[in-house]
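Structure file my_file.pdb with PDB, C-alpha atoms:
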ATOM      1  CA  MET S   1       0.000   0.000   0.000  1.00  0.00           C
ATOM      2  CA  GLU S   2       1.101   3.572  -0.623  1.00  0.00           C
ATOM      3  CA  LYS S   3       1.992   5.653   2.403  1.00  0.00           C
ATOM      4  CA  ILE S   4       0.035   8.683   3.589  1.00  0.00           C
ATOM      5  CA  ILE S   5       0.722  11.393   6.144  1.00  0.00           C
ATOM      6  CA  ILE S   6      -1.878  13.101   8.328  1.00  0.00           C
ATOM      7  CA  LEU S   7      -1.561  16.806   9.105  1.00  0.00           C
ATOM      8  CA  GLY S   8      -2.679  17.505  12.674  1.00  0.00           C
ATOM      9  CA  MET S   9      -3.105  15.303  15.695  1.00  0.00           C
ATOM     10  CA  GLY S  10      -6.381  16.343  17.314  1.00  0.00           C
ATOM     11  CA  GLY S  11      -9.783  14.708  17.371  1.00  0.00           C
ATOM     12  CA  HIS S  12     -10.466  15.056  13.654  1.00  0.00           C
ATOM     13  CA  ALA S  13      -7.028  13.637  12.828  1.00  0.00           C
ATOM     14  CA  GLU S  14      -7.763  10.594  14.977  1.00  0.00           C
ATOM     15  CA  SER S  15     -11.135  10.119  13.268  1.00  0.00           C
ATOM     16  CA  LEU S  16      -9.408  10.401   9.924  1.00  0.00           C
ATOM     17  CA  ALA S  17      -6.788   7.826  10.935  1.00  0.00           C
ATOM     18  CA  ASP S  18      -9.534   5.452  12.046  1.00  0.00           C
ATOM     19  CA  VAL S  19     -11.289   5.752   8.681  1.00  0.00           C
ATOM     20  CA  LEU S  20      -8.019   5.249   6.791  1.00  0.00           C
ATOM     21  CA  GLU S  21      -7.452   2.064   8.750  1.00  0.00           C
ATOM     22  CA  ARG S  22     -10.961   0.895   7.879  1.00  0.00           C
ATOM     23  CA  GLN S  23     -10.494   1.772   4.199  1.00  0.00           C
ATOM     24  CA  GLN S  24      -7.309  -0.335   4.034  1.00  0.00           C
ATOM     25  CA  GLU S  25      -6.091   1.544   0.965  1.00  0.00           C
ATOM     26  CA  TYR S  26      -3.157   3.472   2.487  1.00  0.00           C
ATOM     27  CA  GLU S  27      -0.460   2.866   5.081  1.00  0.00           C
ATOM     28  CA  ILE S  28      -0.323   5.685   7.631  1.00  0.00           C
ATOM     29  CA  ALA S  29       3.293   6.827   7.891  1.00  0.00           C
ATOM     30  CA  GLY S  30       2.634   9.240  10.755  1.00  0.00           C
ATOM     31  CA  TYR S  31       1.501  12.710  11.758  1.00  0.00           C
ATOM     32  CA  VAL S  32       2.798  16.124  10.756  1.00  0.00           C
ATOM     33  CA  VAL S  33       2.229  18.678  13.502  1.00  0.00           C
ATOM     34  CA  ASN S  34       3.428  22.136  14.501  1.00  0.00           C
ATOM     35  CA  ASP S  35       6.543  22.205  16.654  1.00  0.00           C
ATOM     36  CA  ALA S  36       4.537  23.106  19.749  1.00  0.00           C
ATOM     37  CA  VAL S  37       2.454  19.937  19.517  1.00  0.00           C
ATOM     38  CA  CYS S  38       3.797  16.773  21.093  1.00  0.00           C
ATOM     39  CA  ALA S  39       2.851  13.190  20.350  1.00  0.00           C
ATOM     40  CA  LYS S  40      -0.041  11.912  22.406  1.00  0.00           C
ATOM     41  CA  GLU S  41       0.740   9.135  24.838  1.00  0.00           C
ATOM     42  CA  GLY S  42      -0.176   5.786  23.339  1.00  0.00           C
ATOM     43  CA  SER S  43      -0.385   7.050  19.753  1.00  0.00           C
ATOM     44  CA  ARG S  44       0.057   4.257  17.229  1.00  0.00           C
ATOM     45  CA  TYR S  45       1.824   6.497  14.716  1.00  0.00           C
ATOM     46  CA  PRO S  46       4.926   8.677  15.053  1.00  0.00           C
ATOM     47  CA  VAL S  47       5.241  12.418  14.628  1.00  0.00           C
ATOM     48  CA  LEU S  48       7.302  12.878  11.479  1.00  0.00           C
ATOM     49  CA  GLY S  49       7.933  16.597  11.811  1.00  0.00           C
ATOM     50  CA  GLY S  50       6.213  19.914  11.303  1.00  0.00           C
ATOM     51  CA  ASP S  51       4.945  21.868   8.331  1.00  0.00           C
ATOM     52  CA  LYS S  52       8.526  22.792   7.433  1.00  0.00           C
ATOM     53  CA  ASP S  53       9.247  19.089   6.846  1.00  0.00           C
ATOM     54  CA  LEU S  54       6.542  18.535   4.221  1.00  0.00           C
ATOM     55  CA  GLU S  55       8.951  19.001   1.313  1.00  0.00           C
ATOM     56  CA  ARG S  56      11.401  16.539   2.878  1.00  0.00           C
ATOM     57  CA  LEU S  57       8.663  13.948   3.403  1.00  0.00           C
ATOM     58  CA  PHE S  58       7.552  14.316  -0.198  1.00  0.00           C
ATOM     59  CA  GLN S  59      11.122  13.857  -1.405  1.00  0.00           C
ATOM     60  CA  SER S  60      11.362  10.720   0.744  1.00  0.00           C
ATOM     61  CA  GLY S  61       8.726   9.113  -1.450  1.00  0.00           C
ATOM     62  CA  ILE S  62       5.480   9.810   0.413  1.00  0.00           C
ATOM     63  CA  ARG S  63       3.050  11.136  -2.171  1.00  0.00           C
ATOM     64  CA  ASN S  64      -0.274  11.175  -0.277  1.00  0.00           C
ATOM     65  CA  ALA S  65      -1.506  13.503   2.452  1.00  0.00           C
ATOM     66  CA  ALA S  66      -4.706  14.085   4.409  1.00  0.00           C
ATOM     67  CA  VAL S  67      -5.573  17.183   6.429  1.00  0.00           C
ATOM     68  CA  GLY S  68      -6.654  16.090   9.894  1.00  0.00           C
ATOM     69  CA  ILE S  69      -7.366  19.603  11.150  1.00  0.00           C
ATOM     70  CA  GLY S  70     -11.074  20.312  11.536  1.00  0.00           C
ATOM     71  CA  TYR S  71     -12.996  23.457  10.656  1.00  0.00           C
ATOM     72  CA  MET S  72     -12.072  25.105  13.998  1.00  0.00           C
ATOM     73  CA  GLY S  73     -14.538  27.956  13.479  1.00  0.00           C
ATOM     74  CA  LYS S  74     -13.149  28.852  10.065  1.00  0.00           C
ATOM     75  CA  SER S  75     -11.783  27.050   7.030  1.00  0.00           C
ATOM     76  CA  ASP S  76      -8.711  29.247   6.457  1.00  0.00           C
ATOM     77  CA  VAL S  77      -6.234  26.783   7.982  1.00  0.00           C
ATOM     78  CA  ARG S  78      -7.505  23.874   5.896  1.00  0.00           C
ATOM     79  CA  GLU S  79      -7.508  25.988   2.747  1.00  0.00           C
ATOM     80  CA  LYS S  80      -3.929  27.174   3.333  1.00  0.00           C
ATOM     81  CA  LEU S  81      -2.676  23.642   3.977  1.00  0.00           C
ATOM     82  CA  PHE S  82      -4.450  22.367   0.878  1.00  0.00           C
ATOM     83  CA  GLY S  83      -2.638  24.966  -1.216  1.00  0.00           C
ATOM     84  CA  THR S  84       0.725  24.156   0.374  1.00  0.00           C
ATOM     85  CA  LEU S  85       0.330  20.415  -0.173  1.00  0.00           C
ATOM     86  CA  LYS S  86      -0.755  20.836  -3.782  1.00  0.00           C
ATOM     87  CA  GLN S  87       2.162  23.179  -4.503  1.00  0.00           C
ATOM     88  CA  ILE S  88       4.616  20.576  -3.203  1.00  0.00           C
ATOM     89  CA  GLY S  89       2.967  17.868  -5.309  1.00  0.00           C
ATOM     90  CA  PHE S  90       1.049  15.765  -2.784  1.00  0.00           C
ATOM     91  CA  ARG S  91      -2.105  13.902  -3.747  1.00  0.00           C
ATOM     92  CA  LEU S  92      -5.050  14.353  -1.365  1.00  0.00           C
ATOM     93  CA  PRO S  93      -7.288  11.295  -1.677  1.00  0.00           C
ATOM     94  CA  ILE S  94     -10.918  11.140  -0.621  1.00  0.00           C
ATOM     95  CA  VAL S  95     -11.104   9.562   2.833  1.00  0.00           C
ATOM     96  CA  CYS S  96     -14.450   7.773   3.094  1.00  0.00           C
ATOM     97  CA  ASP S  97     -15.586   5.384   5.808  1.00  0.00           C
ATOM     98  CA  PRO S  98     -16.786   2.032   4.439  1.00  0.00           C
ATOM     99  CA  SER S  99     -20.092   2.449   6.313  1.00  0.00           C
ATOM    100  CA  ALA S 100     -20.971   5.612   4.345  1.00  0.00           C
ATOM    101  CA  ILE S 101     -23.498   5.323   1.517  1.00  0.00           C
ATOM    102  CA  LEU S 102     -22.459   7.107  -1.666  1.00  0.00           C
ATOM    103  CA  SER S 103     -24.580   7.144  -4.788  1.00  0.00           C
ATOM    104  CA  ALA S 104     -22.777   6.184  -7.963  1.00  0.00           C
ATOM    105  CA  GLY S 105     -24.091   9.462  -9.346  1.00  0.00           C
ATOM    106  CA  ALA S 106     -22.501  11.620  -6.632  1.00  0.00           C
ATOM    107  CA  ARG S 107     -19.238  13.521  -7.154  1.00  0.00           C
ATOM    108  CA  ILE S 108     -16.712  14.043  -4.357  1.00  0.00           C
ATOM    109  CA  GLY S 109     -13.852  16.539  -4.533  1.00  0.00           C
ATOM    110  CA  GLU S 110     -10.193  16.058  -3.711  1.00  0.00           C
ATOM    111  CA  GLY S 111      -9.210  15.718  -0.063  1.00  0.00           C
ATOM    112  CA  SER S 112     -12.772  15.479   1.263  1.00  0.00           C
ATOM    113  CA  PHE S 113     -13.654  13.411   4.326  1.00  0.00           C
ATOM    114  CA  ILE S 114     -16.841  11.325   4.491  1.00  0.00           C
ATOM    115  CA  GLY S 115     -17.565  10.047   7.999  1.00  0.00           C
ATOM    116  CA  LYS S 116     -19.274   6.971   9.375  1.00  0.00           C
ATOM    117  CA  ARG S 117     -22.821   6.289   8.123  1.00  0.00           C
ATOM    118  CA  ALA S 118     -22.972   9.503   6.133  1.00  0.00           C
ATOM    119  CA  VAL S 119     -25.272   9.422   3.095  1.00  0.00           C
ATOM    120  CA  ILE S 120     -24.573  11.273  -0.158  1.00  0.00           C
ATOM    121  CA  ASN S 121     -27.382  10.761  -2.640  1.00  0.00           C
ATOM    122  CA  VAL S 122     -27.660  10.833  -6.427  1.00  0.00           C
ATOM    123  CA  ASN S 123     -26.305  13.865  -8.334  1.00  0.00           C
ATOM    124  CA  ALA S 124     -24.943  15.486  -5.163  1.00  0.00           C
ATOM    125  CA  VAL S 125     -21.691  17.396  -5.696  1.00  0.00           C
ATOM    126  CA  ILE S 126     -19.202  17.763  -2.840  1.00  0.00           C
ATOM    127  CA  GLY S 127     -16.321  20.186  -3.377  1.00  0.00           C
ATOM    128  CA  ASP S 128     -12.635  19.898  -2.486  1.00  0.00           C
ATOM    129  CA  MET S 129     -11.552  19.512   1.144  1.00  0.00           C
ATOM    130  CA  CYS S 130     -15.063  19.226   2.571  1.00  0.00           C
ATOM    131  CA  ILE S 131     -15.992  17.419   5.771  1.00  0.00           C
ATOM    132  CA  ILE S 132     -19.238  15.423   5.637  1.00  0.00           C
ATOM    133  CA  ASN S 133     -19.262  14.180   9.192  1.00  0.00           C
ATOM    134  CA  THR S 134     -20.758  11.213  11.004  1.00  0.00           C
ATOM    135  CA  GLY S 135     -24.369  10.458  10.082  1.00  0.00           C
ATOM    136  CA  ALA S 136     -24.836  13.542   7.887  1.00  0.00           C
ATOM    137  CA  ILE S 137     -27.289  13.278   4.984  1.00  0.00           C
ATOM    138  CA  VAL S 138     -26.669  15.132   1.736  1.00  0.00           C
ATOM    139  CA  GLU S 139     -29.715  14.497  -0.412  1.00  0.00           C
ATOM    140  CA  HIS S 140     -30.141  14.380  -4.190  1.00  0.00           C
ATOM    141  CA  ASP S 141     -28.866  17.269  -6.323  1.00  0.00           C
ATOM    142  CA  CYS S 142     -27.275  19.128  -3.411  1.00  0.00           C
ATOM    143  CA  GLN S 143     -24.103  21.150  -3.910  1.00  0.00           C
ATOM    144  CA  VAL S 144     -21.528  21.686  -1.157  1.00  0.00           C
ATOM    145  CA  GLY S 145     -18.768  24.208  -1.898  1.00  0.00           C
ATOM    146  CA  ASP S 146     -15.049  23.766  -1.320  1.00  0.00           C
ATOM    147  CA  PHE S 147     -13.783  23.751   2.289  1.00  0.00           C
ATOM    148  CA  SER S 148     -17.265  23.497   3.825  1.00  0.00           C
ATOM    149  CA  HIS S 149     -18.090  21.404   6.896  1.00  0.00           C
ATOM    150  CA  ILE S 150     -21.387  19.535   7.204  1.00  0.00           C
ATOM    151  CA  SER S 151     -21.477  18.498  10.847  1.00  0.00           C
ATOM    152  CA  VAL S 152     -22.631  15.384  12.660  1.00  0.00           C
ATOM    153  CA  GLY S 153     -26.253  14.435  12.016  1.00  0.00           C
ATOM    154  CA  THR S 154     -26.994  17.345   9.679  1.00  0.00           C
ATOM    155  CA  VAL S 155     -29.623  16.942   6.939  1.00  0.00           C
ATOM    156  CA  LEU S 156     -29.398  18.790   3.638  1.00  0.00           C
ATOM    157  CA  CYS S 157     -32.682  18.142   1.829  1.00  0.00           C
ATOM    158  CA  GLY S 158     -32.880  17.932  -1.960  1.00  0.00           C
ATOM    159  CA  GLU S 159     -31.324  20.634  -4.162  1.00  0.00           C
ATOM    160  CA  VAL S 160     -29.738  22.587  -1.325  1.00  0.00           C
ATOM    161  CA  LYS S 161     -26.777  24.751  -2.330  1.00  0.00           C
ATOM    162  CA  VAL S 162     -24.087  25.317   0.301  1.00  0.00           C
ATOM    163  CA  GLY S 163     -21.412  27.862  -0.596  1.00  0.00           C
ATOM    164  CA  ARG S 164     -17.672  27.847  -0.037  1.00  0.00           C
ATOM    165  CA  SER S 165     -16.214  27.686   3.493  1.00  0.00           C
ATOM    166  CA  VAL S 166     -19.573  27.204   5.224  1.00  0.00           C
ATOM    167  CA  LEU S 167     -20.088  25.524   8.605  1.00  0.00           C
ATOM    168  CA  VAL S 168     -23.437  23.778   9.102  1.00  0.00           C
ATOM    169  CA  GLY S 169     -23.687  22.803  12.776  1.00  0.00           C
ATOM    170  CA  ALA S 170     -24.618  19.434  14.236  1.00  0.00           C
ATOM    171  CA  ASN S 171     -28.190  18.226  13.712  1.00  0.00           C
ATOM    172  CA  ALA S 172     -29.136  21.238  11.607  1.00  0.00           C
ATOM    173  CA  THR S 173     -31.714  20.788   8.826  1.00  0.00           C
ATOM    174  CA  VAL S 174     -31.662  22.783   5.607  1.00  0.00           C
ATOM    175  CA  VAL S 175     -34.973  22.537   3.730  1.00  0.00           C
ATOM    176  CA  GLN S 176     -35.002  21.706   0.030  1.00  0.00           C
ATOM    177  CA  CYS S 177     -34.037  24.252  -2.628  1.00  0.00           C
ATOM    178  CA  THR S 178     -32.403  26.564  -0.068  1.00  0.00           C
ATOM    179  CA  THR S 179     -29.092  28.372  -0.634  1.00  0.00           C
ATOM    180  CA  ILE S 180     -26.491  29.037   2.069  1.00  0.00           C
ATOM    181  CA  GLY S 181     -24.052  31.780   1.059  1.00  0.00           C
ATOM    182  CA  ASP S 182     -20.255  31.584   1.244  1.00  0.00           C
ATOM    183  CA  LYS S 183     -18.532  31.728   4.641  1.00  0.00           C
ATOM    184  CA  SER S 184     -21.761  31.471   6.613  1.00  0.00           C
ATOM    185  CA  THR S 185     -22.380  29.555   9.827  1.00  0.00           C
ATOM    186  CA  ILE S 186     -25.550  27.627  10.614  1.00  0.00           C
ATOM    187  CA  GLY S 187     -25.992  26.953  14.322  1.00  0.00           C
ATOM    188  CA  ALA S 188     -26.391  23.451  15.716  1.00  0.00           C
ATOM    189  CA  GLY S 189     -29.972  22.205  15.685  1.00  0.00           C
ATOM    190  CA  THR S 190     -31.213  25.039  13.467  1.00  0.00           C
ATOM    191  CA  THR S 191     -33.814  24.486  10.752  1.00  0.00           C
ATOM    192  CA  ILE S 192     -33.242  26.694   7.717  1.00  0.00           C
ATOM    193  CA  ARG S 193     -36.285  27.291   5.490  1.00  0.00           C
ATOM    194  CA  ARG S 194     -35.104  30.290   3.476  1.00  0.00           C
ATOM    195  CA  ASP S 195     -31.893  31.434   1.828  1.00  0.00           C
ATOM    196  CA  VAL S 196     -29.020  32.681   4.000  1.00  0.00           C
ATOM    197  CA  LYS S 197     -26.803  35.417   2.572  1.00  0.00           C
ATOM    198  CA  ALA S 198     -23.026  35.107   2.441  1.00  0.00           C
ATOM    199  CA  HIS S 199     -21.043  35.973   5.585  1.00  0.00           C
ATOM    200  CA  SER S 200     -24.040  35.385   7.889  1.00  0.00           C
ATOM    201  CA  ILE S 201     -24.697  33.497  11.101  1.00  0.00           C
ATOM    202  CA  ALA S 202     -28.085  31.762  11.430  1.00  0.00           C
ATOM    203  CA  TRP S 203     -29.231  30.040  14.605  1.00  0.00           C
ATOM    204  CA  SER S 204     -32.303  28.754  16.448  1.00  0.00           C
ATOM    205  CA  GLY S 205     -35.558  30.333  15.275  1.00  0.00           C
ATOM    206  CA  GLU S 206     -33.848  31.286  11.986  1.00  0.00           C
ATOM    207  CA  LYS S 207     -32.353  34.425  13.485  1.00  0.00           C
ATOM    208  CA  VAL S 208     -29.765  35.747  11.071  1.00  0.00           C
ATOM    209  CA  LYS S 209     -26.858  38.078  11.717  1.00  0.00           C
ATOM    210  CA  GLN S 210     -24.887  39.537   8.803  1.00  0.00           C
ATOM    211  CA  LEU S 211     -21.167  39.771   9.485  1.00  0.00           C
TER
END
This entry written out as structure tokens:
Amino acid sequence: MEKIIILGMGGHAESLADVLERQQEYEIAGYVVNDAVCAKEGSRYPVLGGDKDLERLFQSGIRNAAVGIGYMGKSDVREKLFGTLKQIGFRLPIVCDPSAILSAGARIGEGSFIGKRAVINVNAVIGDMCIINTGAIVEHDCQVGDFSHISVGTVLCGEVKVGRSVLVGANATVVQCTTIGDKSTIGAGTTIRRDVKAHSIAWSGEKVKQL
């Protein structure tokens, strides 16, 4: 199997490692973390260095990478790392848990993560570096923009359009044919029945704040 490195070492990185193990398509070489981060006690994989070592790791023959840093309130970190990895020459495979259900008619972008028991239905389009987390449902003909995060248990009904760098919180529901603008945040548990403009925060009771 080809080797892969994981950037980050937090909770999302561990989830990603677990899915990679379940996929059985790549051998995890280890983690790449910032200098200030130390290896967790009992970790099964070594820390191979920091961001400054990415070029060296690529030259050593490792060609695959996965970003194990979650949304963290904004997608900027993931977007920057994606650009850095691509510039060096790394491939960023789709990391998809075997328990997820993906329609043959769905399209998934580079570097995206599909968690356990997620469902992505026919004609759905998922952009690059998205997170479709545990148990999320992305129904038919939905579009999810690059670097967006669809959280645990979220439901996107048919023909929903989610922009770039959007966070949809856990157990939120977005009603069919609704559009969520770029860089918006949908609060956990919120039901969205009408369009949300870009750079907005929407939460319980469909209260919306423009940033």
(request) Expand the PyMOL selection byres ((chain S and resi 49) around 12) into the individual residues it matches in the shown file, reporting them as a list in words. (result) Ile5, Ile6, Leu7, Gly8, Met9, Ala29, Gly30, Tyr31, Val32, Val33, Asn34, Asp35, Ala36, Val37, Cys38, Ala39, Pro46, Val47, Leu48, Gly50, Asp51, Lys52, Asp53, Leu54, Glu55, Arg56 and Leu57 of chain S
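Each of S:Glu27, S:Gly68, S:Gly163, S:Ile137 was compared to S:Glu14 using only C-alpha atoms, and S:Gly68 turns out to be the nearest.
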(request) Using only C-alpha atoms, find the one residue out of S:Tyr71, S:Ile28, S:Ala172, S:Lys161 that sits nearest to S:Gly11. (result) S:Tyr71
(request) Let me know the residues the PyMOL selection byres ((chain S and resi 186-203) around 10) catches in the file above, as number ranges by chain. (result) S: 150-156, 160-185, 204-211
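Here atom CA of S:Cys130 and atom CA of S:Gln24 stand 21.1 Å from one another.
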(message) Since I can't run it myself right now, could you work out what the PyMOL selection byres ((chain S and resi 141) around 9) selects here and report it as a list of chain:residue names?
(response) S:Ala106, S:Asn121, S:Val122, S:Asn123, S:Ala124, S:Val125, S:Val138, S:Glu139, S:His140, S:Cys142, S:Gln143, S:Gly158, S:Glu159, S:Val160, S:Lys161
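Picture a line from atom CA of S:Ala104 to atom CA of S:Ile120; it runs 9.5 Å.
Our summary of the geometry notes that atom CA of S:Leu20 is positioned 19.3 Å from atom CA of S:Phe58.
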(message) Residues within 6 Å of S:Asp97, please, as a PyMOL selection string. Count all atoms listed in the file; anything in the same chain fewer than 2 positions from it doesn't count.
(response) chain S and resi 19+99-100+115-116
Since we have the selection now, will you write its residues out, keeping C-alpha atoms, as a tab-separated table (two decimals), in the frame of the given file?
chain	number	residue	atom	x	y	z
S	19	VAL	CA	-11.29	5.75	8.68
S	99	SER	CA	-20.09	2.45	6.31
S	100	ALA	CA	-20.97	5.61	4.34
S	115	GLY	CA	-17.57	10.05	8.00
S	116	LYS	CA	-19.27	6.97	9.38
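Proximity of S:Val119, S:Ile4, S:Ala13, S:Ile101 to S:Arg63, computed with all atoms listed in the file, is greatest for S:Ile4.
Between S:His12 and the candidates S:Ser60, S:Ser43, S:Ser148, S:Asn133, the tightest atom-to-atom separation, counting all atoms listed in the file, involves S:Asn133.
Of the listed residues (S:Ser103, S:Asn64, S:Ser75, S:Gln59), S:Asn64 comes nearest to S:Glu2; the distances count only C-alpha atoms.
Shortest atom-to-atom contact with S:Ala118 among S:Ala136, S:Leu81, S:Met1, S:Leu92: S:Ala136, counting only C-alpha atoms.
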Could you name the residues that touch S:Ile131 at 6 Å or less, counting only C-alpha atoms, but leaving out those on the same chain fewer than 4 positions away, as a CSV table (one decimal) with C-alpha atoms, in the coordinates of the input?
chain,number,residue,atom,x,y,z
S,112,SER,CA,-12.8,15.5,1.3
S,113,PHE,CA,-13.7,13.4,4.3
S,149,HIS,CA,-18.1,21.4,6.9
S,150,ILE,CA,-21.4,19.5,7.2
Could you add N, CA, C and O atoms to stretch 95-112 of chain S and give me the result as a tab-separated table (two decimals), keeping the file's coordinate frame?
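Writing the result to out35.tsv gives the following:
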chain	number	residue	atom	x	y	z
S	95	VAL	N	-11.12	10.49	1.71
S	95	VAL	CA	-11.10	9.56	2.83
S	95	VAL	C	-12.56	9.30	3.20
S	95	VAL	O	-13.26	10.19	3.70
S	96	CYS	N	-13.03	8.09	2.94
S	96	CYS	CA	-14.45	7.77	3.09
S	96	CYS	C	-14.62	6.50	3.89
S	96	CYS	O	-14.09	5.44	3.52
S	97	ASP	N	-15.36	6.57	4.99
S	97	ASP	CA	-15.59	5.38	5.81
S	97	ASP	C	-16.39	4.35	5.02
S	97	ASP	O	-17.34	4.71	4.31
S	98	PRO	N	-16.06	3.08	5.17
S	98	PRO	CA	-16.79	2.03	4.44
S	98	PRO	C	-18.28	1.96	4.78
S	98	PRO	O	-19.06	1.43	3.98
S	99	SER	N	-18.68	2.50	5.93
S	99	SER	CA	-20.09	2.45	6.31
S	99	SER	C	-20.91	3.55	5.64
S	99	SER	O	-22.15	3.53	5.69
S	100	ALA	N	-20.26	4.53	5.03
S	100	ALA	CA	-20.97	5.61	4.34
S	100	ALA	C	-21.66	5.07	3.10
S	100	ALA	O	-21.21	4.09	2.49
S	101	ILE	N	-22.75	5.72	2.71
S	101	ILE	CA	-23.50	5.32	1.52
S	101	ILE	C	-23.37	6.44	0.49
S	101	ILE	O	-23.87	7.54	0.69
S	102	LEU	N	-22.70	6.13	-0.60
S	102	LEU	CA	-22.46	7.11	-1.67
S	102	LEU	C	-23.13	6.64	-2.95
S	102	LEU	O	-22.87	5.52	-3.41
S	103	SER	N	-23.98	7.47	-3.51
S	103	SER	CA	-24.58	7.14	-4.79
S	103	SER	C	-23.51	7.12	-5.87
S	103	SER	O	-22.56	7.91	-5.85
S	104	ALA	N	-23.69	6.23	-6.82
S	104	ALA	CA	-22.78	6.18	-7.96
S	104	ALA	C	-22.84	7.47	-8.77
S	104	ALA	O	-21.89	7.82	-9.48
S	105	GLY	N	-23.93	8.22	-8.62
S	105	GLY	CA	-24.09	9.46	-9.35
S	105	GLY	C	-23.61	10.69	-8.60
S	105	GLY	O	-23.76	11.81	-9.08
S	106	ALA	N	-23.04	10.50	-7.42
S	106	ALA	CA	-22.50	11.62	-6.63
S	106	ALA	C	-21.06	11.89	-7.04
S	106	ALA	O	-20.34	11.00	-7.49
S	107	ARG	N	-20.62	13.14	-6.86
S	107	ARG	CA	-19.24	13.52	-7.15
S	107	ARG	C	-18.60	14.10	-5.90
S	107	ARG	O	-19.19	14.99	-5.26
S	108	ILE	N	-17.41	13.63	-5.57
S	108	ILE	CA	-16.71	14.04	-4.36
S	108	ILE	C	-15.38	14.66	-4.74
S	108	ILE	O	-14.61	14.07	-5.51
S	109	GLY	N	-15.08	15.84	-4.19
S	109	GLY	CA	-13.85	16.54	-4.53
S	109	GLY	C	-12.63	16.03	-3.78
S	109	GLY	O	-12.72	15.29	-2.79
S	110	GLU	N	-11.49	16.48	-4.23
S	110	GLU	CA	-10.19	16.06	-3.71
S	110	GLU	C	-10.06	16.41	-2.23
S	110	GLU	O	-10.44	17.49	-1.79
S	111	GLY	N	-9.53	15.46	-1.46
S	111	GLY	CA	-9.21	15.72	-0.06
S	111	GLY	C	-10.39	15.75	0.87
S	111	GLY	O	-10.24	16.04	2.06
S	112	SER	N	-11.59	15.43	0.39
S	112	SER	CA	-12.77	15.48	1.26
S	112	SER	C	-12.84	14.26	2.17
S	112	SER	O	-12.32	13.18	1.86
